[in-house]
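Report on one structure; see the data block that follows.
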Amino acid sequence: MANYLSPFSAHQFIDANGKPYTGALLFTYAVGSSTKVTTYKDEAGASPHANPIVLNTKGFPADGSGVAYPIWQIGGAAVKFVLAPSTDTDPPASPIETWNNIDGINDTSVTIDQWIAGSTPTYVSATSFTVTGDQSSTYHVGRRVKTTNSGGTIYSRISAVAYTTLTTVTVVNDSGTLDSGLSAVSYSLLSATGSSVPGVTVSGTTWTFPGSVSISGTVTSNHTFSTGDVKLTIKSSADTGWVIMDDGTIGNASSSATTRANADTETLFALIWDNISNTYCPIYTSAGAVSTRGASAAADYAANKRIRIPRTVGRAMAGTGSSGAFSSTFTADAGTDVCTVDSNLSLYTGAIVQVATTTTLPAGLSAATDYYVIRTAATTLQLATSLANAHAGTVINITDAGTGTHTMTMSLSVRTLGQHVGEESHSSTDGENGPHNHTGTYYTAGGGGGTGAQASVGTGGATGTAYVPSDGSGTAHNTMQPTTFFNVMIKL
């Protein structure tokens, strides 16, 4: 193998004061390691340098007698040079400077790698390591690194760097973790800032494309949907990694599930099992018979059971839990029976509210009792004991203002995850009709089968049983708001 002149050949090493580094030690190692490699005083490689090379009084690489000699490197092998004080150890504990991956001049046999070997790292944690000196400019945020560990090679992105007496590098690993067997680190040929990648501006982890971007393959992002997330679509079939919410079931390949029977459903199966009750997402045997939930989601999945996905077909979607649709402090006037609130714009006559207090409620009102609003103005209202009284204007008599701070609240019904309620059409029952009177006429009994005299219902006069002709059909009426329908997908 041919030898090539090193860039450090005939190089004068000087200190920060401009004086020669007399007696300093120049070590030569294999790239990214502390394994010594031999360099030579001559091109033929007949006369090797000592390792370390001792600088003479002028700061040049020399032999033991102080005579300066050039440095020749073996072709095809880059070298790591470490300059250390004359009193340092071997290998040096306090190097002055390190130059890694140095090729011989005009050595065309050297191939360029996408990774540049760095100095020997010291393990700190599963996501951090240190290197000697201030190398924060090399190991900057966003740069890629490759480390050699007992568990194998780990690829990472630098997320933080700090220098005190050592440079501490914190990383986000693509997969796996660093371990105590960490022995080598390499950093990417391209930096994370001011990169030479054409058509893009790189700053840390942010890439800015000033022009159009065309992608022919599949784009996978970490900032995307996760298991259980839902999206609307006009597609008739599910995207990869999703299933259409068709009110069917999911399970493993042996479950005979109707929506998807595949091993990729296990995570969603467990999520539904853990978060939605069997009332709304029942579990079935592989034969389709209703079953009970076992010891765990994993146990049911392994038993080839299938679980219903939340029902969405033909249904509107809404948030779970209960909501304080209206809540306000109030004062009561015993003279007018009027309650004054912050604002009652979300209330209406007939709305149900409850009251509470820190001390004593106004006389005539009780805690944990439903009252019906009679809205009078933007900040005032009165209360009734029933919906009929609210519509009739029959108010509760409040006899004193009470003491303490009073609160009035209207809450919506509590809804649980996966619950399905409501109906598309409805036939009203007698109990759902508001109070009302019927008007009409009927005949009192007449002699000899006659019809007798007419009397108006509800106007006094003759008494007896009135037979008022029925009206209306009893046909169910539409209760659906204007609606547009989509398919719904859920992420596996």
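Ordering of the structure tokens sets the chain letters (A, B, ...), residue numbers begin anew at 1 in every chain, and ligands are numbered from 1 in the order given.
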Give me, as an MDAnalysis selection string, all polymer residues having an atom no more than 9 Å from Gly319 (chain A), counting only C-alpha atoms and skipping those fewer than 5 positions away in the same chain. chainID A and resid 415:417
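Among the candidates A:Asp63, A:Asp179, A:Asp300, A:Asp333, the residue lying nearest to Ile396 (chain A) is A:Asp333 (atoms considered: only C-alpha atoms).
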Who sits within 12 Å of Thr122 (chain A), only C-alpha atoms, same chain under 3 positions skipped, as a PDB file with N, CA and C atoms, in the first residue's frame:
ATOM      1  N   GLY A 118     -16.091  10.162  15.720  1.00  0.00           N
ATOM      2  CA  GLY A 118     -15.812  11.155  16.738  1.00  0.00           C
ATOM      3  C   GLY A 118     -14.893  10.606  17.806  1.00  0.00           C
ATOM      4  N   SER A 119     -14.599  11.436  18.808  1.00  0.00           N
ATOM      5  CA  SER A 119     -13.743  11.015  19.908  1.00  0.00           C
ATOM      6  C   SER A 119     -14.477   9.995  20.777  1.00  0.00           C
ATOM      7  N   SER A 125     -26.244   7.878  30.238  1.00  0.00           N
ATOM      8  CA  SER A 125     -27.576   7.294  30.427  1.00  0.00           C
ATOM      9  C   SER A 125     -28.040   6.691  29.107  1.00  0.00           C
ATOM     10  N   ALA A 126     -29.262   6.197  29.112  1.00  0.00           N
ATOM     11  CA  ALA A 126     -29.828   5.577  27.908  1.00  0.00           C
ATOM     12  C   ALA A 126     -29.980   6.575  26.769  1.00  0.00           C
ATOM     13  N   THR A 127     -29.918   7.875  27.096  1.00  0.00           N
ATOM     14  CA  THR A 127     -30.097   8.902  26.061  1.00  0.00           C
ATOM     15  C   THR A 127     -29.024   9.983  26.109  1.00  0.00           C
ATOM     16  N   SER A 128     -27.887   9.737  26.741  1.00  0.00           N
ATOM     17  CA  SER A 128     -26.848  10.778  26.797  1.00  0.00           C
ATOM     18  C   SER A 128     -25.458  10.185  26.977  1.00  0.00           C
ATOM     19  N   PHE A 129     -24.453  10.961  26.543  1.00  0.00           N
ATOM     20  CA  PHE A 129     -23.061  10.583  26.706  1.00  0.00           C
ATOM     21  C   PHE A 129     -22.228  11.856  26.766  1.00  0.00           C
ATOM     22  N   THR A 130     -20.966  11.738  27.144  1.00  0.00           N
ATOM     23  CA  THR A 130     -20.062  12.886  27.155  1.00  0.00           C
ATOM     24  C   THR A 130     -18.872  12.610  26.255  1.00  0.00           C
ATOM     25  N   VAL A 131     -18.260  13.700  25.757  1.00  0.00           N
ATOM     26  CA  VAL A 131     -16.992  13.636  25.038  1.00  0.00           C
ATOM     27  C   VAL A 131     -16.094  14.710  25.628  1.00  0.00           C
ATOM     28  N   THR A 132     -14.793  14.541  25.479  1.00  0.00           N
ATOM     29  CA  THR A 132     -13.843  15.466  26.092  1.00  0.00           C
ATOM     30  C   THR A 132     -13.827  16.799  25.369  1.00  0.00           C
ATOM     31  N   THR A 147     -23.994   5.422  17.361  1.00  0.00           N
ATOM     32  CA  THR A 147     -23.172   4.937  18.469  1.00  0.00           C
ATOM     33  C   THR A 147     -23.066   3.415  18.437  1.00  0.00           C
ATOM     34  N   THR A 148     -21.927   2.931  18.931  1.00  0.00           N
ATOM     35  CA  THR A 148     -21.702   1.489  19.061  1.00  0.00           C
ATOM     36  C   THR A 148     -21.868   1.114  20.524  1.00  0.00           C
ATOM     37  N   ASN A 149     -22.780   0.201  20.799  1.00  0.00           N
ATOM     38  CA  ASN A 149     -23.109  -0.212  22.160  1.00  0.00           C
ATOM     39  C   ASN A 149     -23.016  -1.723  22.278  1.00  0.00           C
ATOM     40  N   LEU A 166     -16.828  18.934  30.347  1.00  0.00           N
ATOM     41  CA  LEU A 166     -17.014  17.970  29.271  1.00  0.00           C
ATOM     42  C   LEU A 166     -18.183  18.438  28.415  1.00  0.00           C
ATOM     43  N   THR A 167     -18.298  17.882  27.230  1.00  0.00           N
ATOM     44  CA  THR A 167     -19.466  18.150  26.392  1.00  0.00           C
ATOM     45  C   THR A 167     -20.463  17.019  26.609  1.00  0.00           C
ATOM     46  N   THR A 168     -21.654  17.382  27.140  1.00  0.00           N
ATOM     47  CA  THR A 168     -22.713  16.401  27.373  1.00  0.00           C
ATOM     48  C   THR A 168     -23.699  16.467  26.221  1.00  0.00           C
ATOM     49  N   VAL A 169     -23.917  15.323  25.586  1.00  0.00           N
ATOM     50  CA  VAL A 169     -24.790  15.234  24.412  1.00  0.00           C
ATOM     51  C   VAL A 169     -26.016  14.404  24.785  1.00  0.00           C
ATOM     52  N   LEU A 178     -29.006   3.633  24.427  1.00  0.00           N
ATOM     53  CA  LEU A 178     -27.576   3.522  24.677  1.00  0.00           C
ATOM     54  C   LEU A 178     -27.385   2.650  25.915  1.00  0.00           C
ATOM     55  N   ASP A 179     -26.219   2.009  26.034  1.00  0.00           N
ATOM     56  CA  ASP A 179     -25.960   1.207  27.224  1.00  0.00           C
ATOM     57  C   ASP A 179     -24.531   1.415  27.690  1.00  0.00           C
ATOM     58  N   SER A 180     -24.214   0.807  28.828  1.00  0.00           N
ATOM     59  CA  SER A 180     -22.909   1.026  29.457  1.00  0.00           C
ATOM     60  C   SER A 180     -21.761   0.487  28.618  1.00  0.00           C
ATOM     61  N   GLY A 181     -22.069  -0.273  27.583  1.00  0.00           N
ATOM     62  CA  GLY A 181     -21.029  -0.757  26.677  1.00  0.00           C
ATOM     63  C   GLY A 181     -20.721   0.211  25.551  1.00  0.00           C
ATOM     64  N   LEU A 182     -21.221   1.436  25.647  1.00  0.00           N
ATOM     65  CA  LEU A 182     -20.961   2.464  24.626  1.00  0.00           C
ATOM     66  C   LEU A 182     -19.463   2.621  24.409  1.00  0.00           C
ATOM     67  N   SER A 183     -19.022   2.445  23.169  1.00  0.00           N
ATOM     68  CA  SER A 183     -17.582   2.468  22.896  1.00  0.00           C
ATOM     69  C   SER A 183     -17.178   3.426  21.783  1.00  0.00           C
ATOM     70  N   ALA A 184     -18.103   3.832  20.936  1.00  0.00           N
ATOM     71  CA  ALA A 184     -17.741   4.709  19.820  1.00  0.00           C
ATOM     72  C   ALA A 184     -18.941   5.532  19.396  1.00  0.00           C
ATOM     73  N   VAL A 185     -18.655   6.716  18.858  1.00  0.00           N
ATOM     74  CA  VAL A 185     -19.706   7.574  18.338  1.00  0.00           C
ATOM     75  C   VAL A 185     -19.224   8.187  17.026  1.00  0.00           C
TER      76      VAL A 185
END
Which is closer to Asp103 (chain A) than all the others in A:Phe485, A:Tyr4, A:Phe209, A:Tyr29, using only C-alpha atoms?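 With only C-alpha atoms as the atom set, the closest residue is A:Tyr4.
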Could you pull the residues within 10 Å of Asp15 (chain A), counting only C-alpha atoms, minus those fewer than 4 positions along the same chain, as a PyMOL selection string? chain A and resi 19-22+59+96
note - CA of Ser296 (chain A) and CA of Ala253 (chain A) are separated by 18.7 Å
